[in-house]
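Structure file input-v3.cif; described as mmCIF, C-alpha atoms.
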```cif
data_start
loop_
_atom_site.group_PDB
_atom_site.id
_atom_site.type_symbol
_atom_site.label_atom_id
_atom_site.label_comp_id
_atom_site.auth_asym_id
_atom_site.auth_seq_id
_atom_site.Cartn_x
_atom_site.Cartn_y
_atom_site.Cartn_z
ATOM 1 C CA MET A 1 0.000 0.000 0.000
ATOM 2 C CA GLU A 2 2.980 2.277 0.359
ATOM 3 C CA TRP A 3 3.285 2.566 -3.443
ATOM 4 C CA LEU A 4 -0.270 3.917 -3.548
ATOM 5 C CA SER A 5 0.535 6.713 -1.150
ATOM 6 C CA GLN A 6 3.482 7.693 -3.383
ATOM 7 C CA ARG A 7 1.246 7.870 -6.480
ATOM 8 C CA CYS A 8 -1.712 9.545 -4.772
ATOM 9 C CA PRO A 9 -0.771 12.356 -2.433
ATOM 10 C CA PRO A 10 -2.919 12.743 0.675
ATOM 11 C CA LEU A 11 -6.279 14.295 -0.210
ATOM 12 C CA PRO A 12 -9.434 14.797 1.741
ATOM 13 C CA ALA A 13 -11.205 11.451 2.180
ATOM 14 C CA ALA A 14 -14.047 12.345 -0.187
ATOM 15 C CA GLN A 15 -11.758 12.919 -3.185
ATOM 16 C CA GLY A 16 -9.687 9.715 -3.230
ATOM 17 C CA CYS A 17 -7.007 9.135 -5.880
ATOM 18 C CA PRO A 18 -7.358 11.380 -8.949
ATOM 19 C CA ARG A 19 -8.131 9.645 -12.250
ATOM 20 C CA PRO A 20 -6.436 10.419 -15.521
ATOM 21 C CA GLY A 21 -8.005 13.399 -17.225
ATOM 22 C CA ARG A 22 -9.842 13.393 -20.512
ATOM 23 C CA GLY A 23 -6.729 14.791 -22.185
ATOM 24 C CA THR A 24 -4.688 11.772 -21.147
ATOM 25 C CA LEU A 25 -7.357 9.348 -22.355
ATOM 26 C CA LEU A 26 -7.670 11.243 -25.642
ATOM 27 C CA LEU A 27 -3.891 11.131 -26.111
ATOM 28 C CA VAL A 28 -3.773 7.364 -25.484
ATOM 29 C CA LEU A 29 -6.680 6.768 -27.884
ATOM 30 C CA THR A 30 -5.112 8.961 -30.579
ATOM 31 C CA LEU A 31 -1.727 7.236 -30.291
ATOM 32 C CA SER A 32 -3.428 3.836 -30.478
ATOM 33 C CA LEU A 33 -5.237 4.794 -33.688
ATOM 34 C CA LEU A 34 -2.084 6.247 -35.246
ATOM 35 C CA MET A 35 -0.045 3.139 -34.434
ATOM 36 C CA TYR A 36 -2.641 0.684 -35.771
ATOM 37 C CA PRO A 37 -1.479 0.788 -39.444
ATOM 38 C CA VAL A 38 2.151 0.278 -38.425
ATOM 39 C CA LEU A 39 1.336 -2.583 -36.075
ATOM 40 C CA ARG A 40 -0.980 -4.191 -38.659
ATOM 41 C CA SER A 41 1.712 -3.960 -41.335
ATOM 42 C CA LEU A 42 4.295 -5.548 -39.032
ATOM 43 C CA ALA A 43 1.882 -8.339 -38.121
ATOM 44 C CA LEU A 44 1.136 -9.054 -41.801
ATOM 45 C CA GLN A 45 4.844 -9.100 -42.667
ATOM 46 C CA LEU A 46 5.545 -11.483 -39.806
ATOM 47 C CA HIS A 47 2.658 -13.734 -40.880
ATOM 48 C CA SER A 48 3.914 -13.683 -44.477
ATOM 49 C CA ALA A 49 7.465 -14.545 -43.401
ATOM 50 C CA VAL A 50 6.304 -17.435 -41.222
ATOM 51 C CA THR A 51 3.742 -18.906 -43.647
ATOM 52 C CA GLY A 52 5.341 -17.928 -46.964
ATOM 53 C CA SER A 53 2.076 -16.349 -48.093
ATOM 54 C CA TYR A 54 1.738 -13.185 -50.199
ATOM 55 C CA ILE A 55 0.492 -9.965 -48.627
ATOM 56 C CA SER A 56 -2.035 -8.434 -51.005
ATOM 57 C CA GLY A 57 -0.953 -4.980 -52.161
ATOM 58 C CA THR A 58 2.769 -5.424 -51.458
ATOM 59 C CA HIS A 59 3.464 -4.875 -55.156
ATOM 60 C CA SER A 60 1.815 -2.605 -57.712
ATOM 61 C CA ILE A 61 1.507 -2.003 -61.428
ATOM 62 C CA ALA A 62 1.933 1.598 -62.548
ATOM 63 C CA PHE A 63 0.524 2.825 -65.857
ATOM 64 C CA ILE A 64 2.419 5.644 -67.572
ATOM 65 C CA ASN A 65 1.438 7.078 -70.961
ATOM 66 C CA CYS A 66 4.082 8.477 -73.317
ATOM 67 C CA LEU A 67 3.860 10.515 -76.511
ATOM 68 C CA ASN A 68 5.911 8.159 -78.689
ATOM 69 C CA GLU A 69 8.008 5.009 -78.632
ATOM 70 C CA GLN A 70 11.358 6.775 -78.153
ATOM 71 C CA ILE A 71 10.132 8.698 -75.101
ATOM 72 C CA ALA A 72 8.632 5.467 -73.730
ATOM 73 C CA LYS A 73 11.956 3.630 -74.158
ATOM 74 C CA ASP A 74 13.896 6.492 -72.554
ATOM 75 C CA ILE A 75 11.580 6.653 -69.547
ATOM 76 C CA ALA A 76 11.507 2.843 -69.189
ATOM 77 C CA ARG A 77 15.310 2.663 -69.273
ATOM 78 C CA ALA A 78 15.614 5.507 -66.744
ATOM 79 C CA ILE A 79 13.182 3.722 -64.388
ATOM 80 C CA MET A 80 15.171 0.501 -64.675
ATOM 81 C CA ASP A 81 18.536 2.281 -64.244
ATOM 82 C CA LYS A 82 17.285 3.758 -60.941
ATOM 83 C CA LYS A 83 16.033 0.289 -59.886
ATOM 84 C CA LEU A 84 12.525 1.615 -59.352
ATOM 85 C CA ALA A 85 10.951 -1.418 -61.056
ATOM 86 C CA ALA A 86 11.532 -5.088 -61.712
ATOM 87 C CA ASN A 87 10.025 -4.918 -65.185
ATOM 88 C CA VAL A 88 8.609 -2.363 -67.632
ATOM 89 C CA ASN A 89 6.470 -3.425 -70.585
ATOM 90 C CA ILE A 90 6.129 -1.014 -73.490
ATOM 91 C CA LEU A 91 2.744 -1.568 -75.152
ATOM 92 C CA PRO A 92 2.108 -0.439 -78.726
ATOM 93 C CA LYS A 93 0.213 2.657 -79.775
ATOM 94 C CA SER A 94 -3.275 3.247 -78.506
ATOM 95 C CA LEU A 95 -5.763 5.957 -79.336
ATOM 96 C CA ALA A 96 -6.433 8.382 -76.498
ATOM 97 C CA LEU A 97 -9.348 10.796 -76.210
ATOM 98 C CA TYR A 98 -9.231 13.334 -73.412
ATOM 99 C CA PHE A 99 -10.151 16.870 -72.455
ATOM 100 C CA TRP A 100 -7.239 19.300 -72.258
ATOM 101 C CA LYS A 101 -7.799 22.963 -71.413
ATOM 102 C CA GLY A 102 -11.482 22.636 -72.248
ATOM 103 C CA GLU A 103 -11.002 21.036 -75.667
ATOM 104 C CA LEU A 104 -11.510 17.424 -76.711
ATOM 105 C CA GLU A 105 -8.148 16.083 -77.881
ATOM 106 C CA GLU A 106 -7.226 12.911 -79.728
ATOM 107 C CA SER A 107 -3.737 11.426 -79.894
ATOM 108 C CA THR A 108 -1.810 8.188 -80.045
ATOM 109 C CA GLU A 109 0.147 7.186 -76.982
ATOM 110 C CA ILE A 110 2.456 4.397 -75.854
ATOM 111 C CA LEU A 111 1.632 2.741 -72.516
ATOM 112 C CA LEU A 112 4.232 1.628 -69.986
ATOM 113 C CA LEU A 113 3.283 -1.094 -67.494
ATOM 114 C CA VAL A 114 5.679 -0.838 -64.561
ATOM 115 C CA LYS A 115 5.878 -3.650 -61.977
ATOM 116 C CA THR A 116 7.350 -2.584 -58.654
ATOM 117 C CA ARG A 117 6.969 -2.536 -54.897
ATOM 118 C CA THR A 118 4.014 -0.490 -53.678
ATOM 119 C CA SER A 119 6.398 1.333 -51.340
ATOM 120 C CA LYS A 120 8.265 2.655 -54.419
ATOM 121 C CA ILE A 121 5.227 4.203 -56.144
ATOM 122 C CA GLY A 122 5.761 7.670 -54.624
ATOM 123 C CA GLU A 123 9.432 7.751 -55.612
ATOM 124 C CA LEU A 124 8.598 6.366 -59.068
ATOM 125 C CA SER A 125 5.895 8.996 -59.594
ATOM 126 C CA ASN A 126 8.162 11.862 -58.506
ATOM 127 C CA TYR A 127 10.976 10.660 -60.740
ATOM 128 C CA VAL A 128 8.775 10.170 -63.813
ATOM 129 C CA ARG A 129 7.231 13.631 -63.361
ATOM 130 C CA SER A 130 10.737 15.113 -63.289
ATOM 131 C CA ILE A 131 11.746 13.546 -66.647
ATOM 132 C CA HIS A 132 8.417 13.256 -68.537
ATOM 133 C CA PRO A 133 7.786 15.800 -71.320
ATOM 134 C CA PHE A 134 4.036 16.057 -70.575
ATOM 135 C CA GLU A 135 2.915 18.965 -68.392
ATOM 136 C CA ILE A 136 0.758 16.514 -66.421
ATOM 137 C CA PRO A 137 1.896 12.949 -67.142
ATOM 138 C CA GLU A 138 -0.475 10.085 -66.480
ATOM 139 C CA ILE A 139 0.941 7.998 -63.647
ATOM 140 C CA ILE A 140 -1.639 5.681 -62.105
ATOM 141 C CA SER A 141 -0.971 2.625 -59.957
ATOM 142 C CA LEU A 142 -3.016 -0.332 -58.837
ATOM 143 C CA PRO A 143 -2.009 -2.758 -56.098
ATOM 144 C CA ILE A 144 -1.468 -6.385 -57.103
ATOM 145 C CA ASP A 145 -3.947 -8.518 -55.204
ATOM 146 C CA GLN A 146 -2.802 -11.981 -56.326
ATOM 147 C CA GLY A 147 -0.391 -13.511 -58.811
ATOM 148 C CA ASN A 148 2.193 -16.165 -59.498
ATOM 149 C CA PRO A 149 4.045 -16.432 -56.181
ATOM 150 C CA LEU A 150 7.388 -16.987 -57.913
ATOM 151 C CA TYR A 151 6.901 -13.882 -60.085
ATOM 152 C CA LEU A 152 5.919 -11.763 -57.074
ATOM 153 C CA LYS A 153 8.985 -13.040 -55.215
ATOM 154 C CA TRP A 154 11.108 -12.059 -58.233
ATOM 155 C CA ILE A 155 9.708 -8.497 -58.075
ATOM 156 C CA GLU A 156 10.557 -8.454 -54.366
ATOM 157 C CA GLU A 157 14.132 -9.541 -55.063
ATOM 158 C CA SER A 158 14.603 -7.203 -58.044
ATOM 159 C CA VAL A 159 13.534 -3.914 -56.452
ATOM 160 C CA PRO A 160 15.582 -2.814 -53.433
ATOM 161 C CA ARG A 161 13.732 -1.961 -50.226
ATOM 162 C CA ASP A 162 13.355 1.676 -49.218
#
```

Please lay out the structure from this file as structure tokens.
Amino acid sequence: MEWLSQRCPPLPAAQGCPRPGRGTLLLVLTLSLLMYPVLRSLALQLHSAVTGSYISGTHSIAFINCLNEQIAKDIARAIMDKKLAANVNILPKSLALYFWKGELEESTEILLLVKTRTSKIGELSNYVRSIHPFEIPEIISLPIDQGNPLYLKWIEESVPRD
């Protein structure tokens, strides 16, 4: 009981030991909510390591449109040189219709399919924007939900961690 008297200084009998304030409870709740994504991610990684299973969304495919084949090759090579992807496919011309500055435009474009770690998408996007000739390049990514486990492992091995 001596430890209690050290934590709760003597108060009139009616008051007892003070309870944590609302601020303290709010702080604990806020920290718990902020830590949840980190703790969940660590738990999933541990589960994946132990079971050998794939964590959905660990890898992504980014779509990047280019004006012509030479620009597409240059951007693809630059992405690979920086080790921002395991693989880049250059798909042939496609017709694109879009609004630009209030006008309907039509052009042919080359599509890059970039396979990488989801954690690299931000860096990939920033880098492509810095070298792409378009004022607003199309860079869209989708997480990979499932796939050939050996291929997904190859992506993992080919793209360095952050």

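Counting only C-alpha atoms, the residue from A:Ala96, A:Ile71, A:Ser53, A:Leu124 that sits nearest to Leu150 (chain A) is A:Ser53.
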
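In this structure, CA of Thr58 (chain A) sits 12.9 Å away from CA of Asp162 (chain A).
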
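Protein and nucleic acid residues near (9.2, 13.1, -62.2) are Ile64, Ile75, Ala78, Ile79, Ile121, Gly122, Glu123, Leu124, Ser125, Asn126, Tyr127, Val128, Arg129, Ser130, Ile131, His132, Pro133, Phe134, Glu135, Ile136, Pro137, Glu138 and Ile139 of chain A, the criterion being any atom at most 12 Å away using only C-alpha atoms.
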
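Between CA of Asn87 (chain A) and CA of Pro160 (chain A) the separation is 13.2 Å.
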
**Report entry** Non-local contacts of Ser60 (chain A) (12 Å; all atoms listed in the file; under 5 positions in same chain excluded) as a list in words
**Finding:** Ile55, Leu84, Ala85, Ala86, Asn87, Leu113, Val114, Lys115, Thr116, Arg117, Thr118, Ser119, Lys120, Ile121, Gly122, Leu124, Ile140, Ser141, Leu142, Pro143, Ile144, Asp145, Gln146, Gly147, Leu152, Ile155, Glu156 and Val159 of chain A

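Between CA of Tyr151 (chain A) and CA of Gly57 (chain A) the interatomic distance comes to 14.3 Å.
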
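Nearest residue to Ser107 (chain A) among A:Asp81, A:Asn68, A:Pro92, A:Gly23 is A:Asn68, counting all atoms listed in the file.
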
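Using all atoms listed in the file, the smallest distance between any of A:Leu27, A:Leu111, A:Ala43, A:Leu33 and Ala72 (chain A) comes from A:Leu111.
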